[in-house]
Amino acid sequence: MLPSLHLDWRHVLFANWSVDPELVARQIPDALDVQTRDGQAWLSVVPFTNANVRPRLTPKRLGRRLPELNLRTYVTCDGEPGIYFFNLDADGLLSVLGARLSHHLPYYYADIDLSVADGEVRFESRRRHPGSRPVRVSATYRPTGEQFRSDPGSLAEFLTERHCLFTEAQDGSIRYTTVAHERWPLYDAEATVDAEDLFRANGFDRPAGDAVFYYSPGVDTLASPSRRLE
């Protein structure tokens with residue numbers, strides 16, 4: 001079994017749209033159930049950078065930076081809440097291939113640039129994965145107000161405090177990975193997100209209505225190996 005991975009997530013934007021649960025249910029494996037809040041499912045576009053990717057017990061100096069972008073929703077599996085990723089675009093061809101093989105996740109190779117100036121994050125991603133649909137995403141975002149931790153039962157907790165992810169392997173089995181980290185330090189955020197290509201590539205129209213934005217400077221995480229759900 002492959003070792004656990006340290007993933008130090010930084011400059012994270014959670015851009016969240018409420019949608020009809022039926023739209024999401026059509027796009028996820030039958031073994032998973034859409035998790036709703038106040039009758040609505042949620043789609044989240046999440047750009048960020050992995051500041052230091054490395055196997056457990058490997059020194060930080062040997063880690064590598066890996067900018068990333070994902071589109072995700074919120075599900076349960078046998079009552080266990082978690083995340084389901086429609087795609088994960090990352091700037092590192094070998095890392096993408098490794099993640100596809102080891103964690104059975106829908107990673108795609110992309111050219112990604114993330115920069116920070118005067119408190120504002122600028123993010124640009126262009127998918128380069130062979131045979132995939134073209135996807136270009138851009139975002140600018142910055143924190144506003146005071147830092148907070150999400151309250152139990154709040155929308156912020158629902159959208160950010162997730163410690164399990166589910167995926168469907170090529171053989172149709174459901175696999176899961178647990179992710180351990182401290183509670184997210186959060187800010188409300190101002191953001192502009194152009195992600196029409198990303199929604200369209202995954203079978204969605206851009207959601208109507210205003211998005212809910214949260215920013216986090218980041219957390220250090222430890223992700224377990226992928227395991228088959230029995």
# chains A, B, ... in the order shown; residues from 1 in each chain; ligands from 1

$ select_by_dssp --residues "region 56-227 of chain A" --states "alpha helix (DSSP H)" --output "PyMOL selection string"
chain A and resi 93-103+155-160+196-201

$ residues_around --residues "Ser173 (chain A)" --least-positions-apart "3" --cutoff "10 Å" --atoms "only C-alpha atoms" --output "number ranges by chain"
A: 29, 31, 167-170, 228-230

$ write_last_selection --atoms "C-alpha atoms" --output "CSV table (one decimal), in the first residue's frame"
chain,number,residue,atom,x,y,z
A,29,PRO,CA,-22.2,7.1,-8.9
A,31,ALA,CA,-23.7,4.1,-4.6
A,167,THR,CA,-14.4,8.1,-5.9
A,168,GLU,CA,-15.5,5.4,-8.4
A,169,ALA,CA,-12.7,3.2,-9.7
A,170,GLN,CA,-12.6,1.8,-13.2
A,228,ARG,CA,-11.9,0.1,-1.4
A,229,LEU,CA,-15.3,0.5,0.4
A,230,GLU,CA,-16.5,-3.0,1.5

$ closest_residue --among "A:Val75, A:Arg200, A:Asp113, A:Tyr187" --to "Val135 (chain A)" --atoms "only C-alpha atoms"
A:Arg200

$ select_by_dssp --residues "region 106-155 of chain A" --states "strand (DSSP E or B)" --output "count of residues only"
32

$ closest_atom_pairs --of "region 89-207 of chain A" --to "region 8-20 of chain A" --cutoff "9 Å" --atoms "only C-alpha atoms" --output "CSV"
residue,atom,partner,partner_atom,distance
A:Leu114,CA,A:His11,CA,8.9
A:Val116,CA,A:His11,CA,8.7
A:Val121,CA,A:His11,CA,7.3
A:Tyr141,CA,A:Leu13,CA,7.3
A:Arg142,CA,A:Leu13,CA,8.6
A:Leu159,CA,A:Asn16,CA,7.9
A:Thr160,CA,A:Phe14,CA,7.8
A:Ala189,CA,A:Leu13,CA,8.1
A:Ala191,CA,A:Ala15,CA,8.2
A:Val193,CA,A:Ala15,CA,7.9
A:Pro207,CA,A:Trp17,CA,6.4

$ decode --residues "region 8-39 of chain A" --atoms "N, CA, C and O atoms" --output "PDB file, in the first residue's frame"
ATOM      1  N   ASP A   8       0.010  20.387   1.946  1.00  0.00           N
ATOM      2  CA  ASP A   8      -0.125  21.659   2.660  1.00  0.00           C
ATOM      3  C   ASP A   8      -0.859  22.645   1.752  1.00  0.00           C
ATOM      4  O   ASP A   8      -0.274  23.257   0.872  1.00  0.00           O
ATOM      5  N   TRP A   9      -2.184  22.774   1.968  1.00  0.00           N
ATOM      6  CA  TRP A   9      -3.034  23.576   1.088  1.00  0.00           C
ATOM      7  C   TRP A   9      -2.936  25.048   1.455  1.00  0.00           C
ATOM      8  O   TRP A   9      -3.040  25.416   2.624  1.00  0.00           O
ATOM      9  N   ARG A  10      -2.768  25.912   0.458  1.00  0.00           N
ATOM     10  CA  ARG A  10      -2.600  27.341   0.680  1.00  0.00           C
ATOM     11  C   ARG A  10      -3.433  28.153  -0.330  1.00  0.00           C
ATOM     12  O   ARG A  10      -3.684  27.716  -1.430  1.00  0.00           O
ATOM     13  N   HIS A  11      -3.813  29.376   0.094  1.00  0.00           N
ATOM     14  CA  HIS A  11      -4.531  30.336  -0.768  1.00  0.00           C
ATOM     15  C   HIS A  11      -5.769  29.676  -1.387  1.00  0.00           C
ATOM     16  O   HIS A  11      -5.954  29.655  -2.603  1.00  0.00           O
ATOM     17  N   VAL A  12      -6.635  29.176  -0.532  1.00  0.00           N
ATOM     18  CA  VAL A  12      -7.785  28.379  -0.966  1.00  0.00           C
ATOM     19  C   VAL A  12      -9.030  29.252  -1.094  1.00  0.00           C
ATOM     20  O   VAL A  12      -9.385  29.987  -0.174  1.00  0.00           O
ATOM     21  N   LEU A  13      -9.693  29.159  -2.243  1.00  0.00           N
ATOM     22  CA  LEU A  13     -11.000  29.778  -2.428  1.00  0.00           C
ATOM     23  C   LEU A  13     -12.051  28.675  -2.507  1.00  0.00           C
ATOM     24  O   LEU A  13     -11.903  27.720  -3.278  1.00  0.00           O
ATOM     25  N   PHE A  14     -13.109  28.810  -1.717  1.00  0.00           N
ATOM     26  CA  PHE A  14     -14.294  27.973  -1.849  1.00  0.00           C
ATOM     27  C   PHE A  14     -15.371  28.835  -2.505  1.00  0.00           C
ATOM     28  O   PHE A  14     -15.925  29.739  -1.861  1.00  0.00           O
ATOM     29  N   ALA A  15     -15.638  28.583  -3.790  1.00  0.00           N
ATOM     30  CA  ALA A  15     -16.675  29.315  -4.521  1.00  0.00           C
ATOM     31  C   ALA A  15     -17.857  28.372  -4.690  1.00  0.00           C
ATOM     32  O   ALA A  15     -17.760  27.374  -5.417  1.00  0.00           O
ATOM     33  N   ASN A  16     -18.988  28.667  -4.049  1.00  0.00           N
ATOM     34  CA  ASN A  16     -20.052  27.690  -3.864  1.00  0.00           C
ATOM     35  C   ASN A  16     -21.381  28.189  -4.430  1.00  0.00           C
ATOM     36  O   ASN A  16     -21.802  29.311  -4.138  1.00  0.00           O
ATOM     37  N   TRP A  17     -22.053  27.308  -5.210  1.00  0.00           N
ATOM     38  CA  TRP A  17     -23.356  27.625  -5.787  1.00  0.00           C
ATOM     39  C   TRP A  17     -24.363  26.557  -5.376  1.00  0.00           C
ATOM     40  O   TRP A  17     -24.083  25.348  -5.473  1.00  0.00           O
ATOM     41  N   SER A  18     -25.553  26.971  -4.954  1.00  0.00           N
ATOM     42  CA  SER A  18     -26.631  26.022  -4.676  1.00  0.00           C
ATOM     43  C   SER A  18     -27.309  25.640  -5.980  1.00  0.00           C
ATOM     44  O   SER A  18     -27.497  26.477  -6.878  1.00  0.00           O
ATOM     45  N   VAL A  19     -27.685  24.352  -6.101  1.00  0.00           N
ATOM     46  CA  VAL A  19     -28.290  23.835  -7.331  1.00  0.00           C
ATOM     47  C   VAL A  19     -29.348  22.799  -6.976  1.00  0.00           C
ATOM     48  O   VAL A  19     -29.400  22.282  -5.859  1.00  0.00           O
ATOM     49  N   ASP A  20     -30.167  22.460  -7.968  1.00  0.00           N
ATOM     50  CA  ASP A  20     -31.181  21.429  -7.811  1.00  0.00           C
ATOM     51  C   ASP A  20     -30.494  20.083  -7.564  1.00  0.00           C
ATOM     52  O   ASP A  20     -29.620  19.679  -8.346  1.00  0.00           O
ATOM     53  N   PRO A  21     -30.853  19.364  -6.510  1.00  0.00           N
ATOM     54  CA  PRO A  21     -30.209  18.073  -6.236  1.00  0.00           C
ATOM     55  C   PRO A  21     -30.306  17.076  -7.387  1.00  0.00           C
ATOM     56  O   PRO A  21     -29.405  16.254  -7.578  1.00  0.00           O
ATOM     57  N   GLU A  22     -31.405  17.148  -8.180  1.00  0.00           N
ATOM     58  CA  GLU A  22     -31.550  16.201  -9.284  1.00  0.00           C
ATOM     59  C   GLU A  22     -30.458  16.382 -10.335  1.00  0.00           C
ATOM     60  O   GLU A  22     -30.024  15.410 -10.965  1.00  0.00           O
ATOM     61  N   LEU A  23     -30.003  17.611 -10.538  1.00  0.00           N
ATOM     62  CA  LEU A  23     -28.937  17.862 -11.503  1.00  0.00           C
ATOM     63  C   LEU A  23     -27.647  17.177 -11.082  1.00  0.00           C
ATOM     64  O   LEU A  23     -26.898  16.661 -11.919  1.00  0.00           O
ATOM     65  N   VAL A  24     -27.380  17.177  -9.785  1.00  0.00           N
ATOM     66  CA  VAL A  24     -26.161  16.549  -9.271  1.00  0.00           C
ATOM     67  C   VAL A  24     -26.306  15.036  -9.236  1.00  0.00           C
ATOM     68  O   VAL A  24     -25.369  14.295  -9.572  1.00  0.00           O
ATOM     69  N   ALA A  25     -27.475  14.551  -8.853  1.00  0.00           N
ATOM     70  CA  ALA A  25     -27.692  13.104  -8.723  1.00  0.00           C
ATOM     71  C   ALA A  25     -27.419  12.370 -10.033  1.00  0.00           C
ATOM     72  O   ALA A  25     -26.959  11.220 -10.028  1.00  0.00           O
ATOM     73  N   ARG A  26     -27.679  13.028 -11.161  1.00  0.00           N
ATOM     74  CA  ARG A  26     -27.452  12.393 -12.470  1.00  0.00           C
ATOM     75  C   ARG A  26     -25.971  12.186 -12.761  1.00  0.00           C
ATOM     76  O   ARG A  26     -25.614  11.404 -13.641  1.00  0.00           O
ATOM     77  N   GLN A  27     -25.109  12.919 -12.065  1.00  0.00           N
ATOM     78  CA  GLN A  27     -23.683  12.939 -12.416  1.00  0.00           C
ATOM     79  C   GLN A  27     -22.795  12.204 -11.414  1.00  0.00           C
ATOM     80  O   GLN A  27     -21.571  12.242 -11.564  1.00  0.00           O
ATOM     81  N   ILE A  28     -23.378  11.559 -10.416  1.00  0.00           N
ATOM     82  CA  ILE A  28     -22.565  10.870  -9.414  1.00  0.00           C
ATOM     83  C   ILE A  28     -22.879   9.379  -9.433  1.00  0.00           C
ATOM     84  O   ILE A  28     -23.932   8.957  -9.930  1.00  0.00           O
ATOM     85  N   PRO A  29     -21.980   8.536  -8.925  1.00  0.00           N
ATOM     86  CA  PRO A  29     -22.236   7.090  -8.908  1.00  0.00           C
ATOM     87  C   PRO A  29     -23.491   6.732  -8.115  1.00  0.00           C
ATOM     88  O   PRO A  29     -23.860   7.411  -7.156  1.00  0.00           O
ATOM     89  N   ASP A  30     -24.128   5.627  -8.515  1.00  0.00           N
ATOM     90  CA  ASP A  30     -25.372   5.204  -7.869  1.00  0.00           C
ATOM     91  C   ASP A  30     -25.176   4.906  -6.385  1.00  0.00           C
ATOM     92  O   ASP A  30     -26.121   5.027  -5.596  1.00  0.00           O
ATOM     93  N   ALA A  31     -23.970   4.513  -5.989  1.00  0.00           N
ATOM     94  CA  ALA A  31     -23.726   4.149  -4.591  1.00  0.00           C
ATOM     95  C   ALA A  31     -23.666   5.359  -3.665  1.00  0.00           C
ATOM     96  O   ALA A  31     -23.673   5.201  -2.438  1.00  0.00           O
ATOM     97  N   LEU A  32     -23.615   6.557  -4.233  1.00  0.00           N
ATOM     98  CA  LEU A  32     -23.530   7.775  -3.438  1.00  0.00           C
ATOM     99  C   LEU A  32     -24.871   8.503  -3.460  1.00  0.00           C
ATOM    100  O   LEU A  32     -25.614   8.439  -4.439  1.00  0.00           O
ATOM    101  N   ASP A  33     -25.146   9.220  -2.392  1.00  0.00           N
ATOM    102  CA  ASP A  33     -26.347  10.043  -2.295  1.00  0.00           C
ATOM    103  C   ASP A  33     -25.953  11.510  -2.186  1.00  0.00           C
ATOM    104  O   ASP A  33     -25.005  11.860  -1.461  1.00  0.00           O
ATOM    105  N   VAL A  34     -26.670  12.356  -2.911  1.00  0.00           N
ATOM    106  CA  VAL A  34     -26.431  13.801  -2.808  1.00  0.00           C
ATOM    107  C   VAL A  34     -26.774  14.258  -1.393  1.00  0.00           C
ATOM    108  O   VAL A  34     -27.825  13.914  -0.854  1.00  0.00           O
ATOM    109  N   GLN A  35     -25.882  15.016  -0.798  1.00  0.00           N
ATOM    110  CA  GLN A  35     -26.166  15.607   0.510  1.00  0.00           C
ATOM    111  C   GLN A  35     -26.645  17.034   0.293  1.00  0.00           C
ATOM    112  O   GLN A  35     -25.991  17.825  -0.388  1.00  0.00           O
ATOM    113  N   THR A  36     -27.774  17.353   0.875  1.00  0.00           N
ATOM    114  CA  THR A  36     -28.367  18.671   0.680  1.00  0.00           C
ATOM    115  C   THR A  36     -28.362  19.455   1.984  1.00  0.00           C
ATOM    116  O   THR A  36     -28.235  18.901   3.073  1.00  0.00           O
ATOM    117  N   ARG A  37     -28.535  20.762   1.813  1.00  0.00           N
ATOM    118  CA  ARG A  37     -28.741  21.654   2.947  1.00  0.00           C
ATOM    119  C   ARG A  37     -29.902  22.562   2.586  1.00  0.00           C
ATOM    120  O   ARG A  37     -29.863  23.229   1.539  1.00  0.00           O
ATOM    121  N   ASP A  38     -30.914  22.570   3.413  1.00  0.00           N
ATOM    122  CA  ASP A  38     -32.140  23.337   3.139  1.00  0.00           C
ATOM    123  C   ASP A  38     -32.707  22.992   1.767  1.00  0.00           C
ATOM    124  O   ASP A  38     -33.184  23.860   1.020  1.00  0.00           O
ATOM    125  N   GLY A  39     -32.622  21.702   1.407  1.00  0.00           N
ATOM    126  CA  GLY A  39     -33.215  21.222   0.175  1.00  0.00           C
ATOM    127  C   GLY A  39     -32.392  21.435  -1.073  1.00  0.00           C
ATOM    128  O   GLY A  39     -32.827  21.070  -2.172  1.00  0.00           O
TER     129      GLY A  39
END
